[in-house]
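**Q** Next up is a structure, given as structure tokens.
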Amino acid sequence: MILWGVLSVSLVLILFIVFRKKIGLSWLSSLGLHLVLAALGIYVVNYSGLSGDLYIPINPTTIGTVTVLGLPGVGLLLGLKFTLFNG
């Protein structure tokens, strides 16, 4: 019950901040663009042959990592895949 109360108050405060500061929904299109570019970056690395026989699956975790870290995130994922699964 307390959890639902905290979540409800948080949601109301976030909506208040978003609409009071006139941020609007432009951040949503920016996030969408970053997600598409992250998926495209992983796709290009997978199918260009740059990574050799390593393959990075395209799933929400890998796309989220590349969205947050940018293209160095692709290198991070390749390094993790190489060290953890090709050792």
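Labeling convention for the structure tokens: chains A, B, ... as they appear, residues from 1 per chain, ligands from 1 in order of appearance.
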For Leu80 of chain A, find every residue with an atom within 12 Å (counting only C-alpha atoms), except residues of its own chain fewer than 6 positions away, and show them as a compact mmCIF listing (two decimals) with C-alpha atoms, in the first residue's frame.
**A**
```
# COMPACT_ATOMS: atom_id res chain seq x y z
CA LEU A 54 31.49 -12.22 -32.69
CA TYR A 55 27.79 -11.45 -32.79
CA ILE A 56 25.97 -9.04 -30.46
CA THR A 62 22.22 -4.32 -25.54
CA GLY A 73 29.13 0.78 -25.68
CA VAL A 74 29.37 -1.42 -28.77
CA ASN A 86 35.41 -17.04 -26.06
CA GLY A 87 37.81 -17.69 -23.20
```
**Q** Skipping near chain neighbours, those fewer than 5 positions away, what residues fall within 12 Å of Asn59 of chain A using only C-alpha atoms, listed as a list in words?
**A**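 Contacts, with the query itself left out: Leu35, Ala38, Ala39, Ile42, Tyr43, Gly64, Thr65 and Val66 of chain A.
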**Q** So how far away is atom CA of Leu71 of chain A from atom CA of Leu40 of chain A, in Å?
**A**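 If I compute the distance from atom CA of Leu40 of chain A to atom CA of Leu71 of chain A, I get 10.6 Å.
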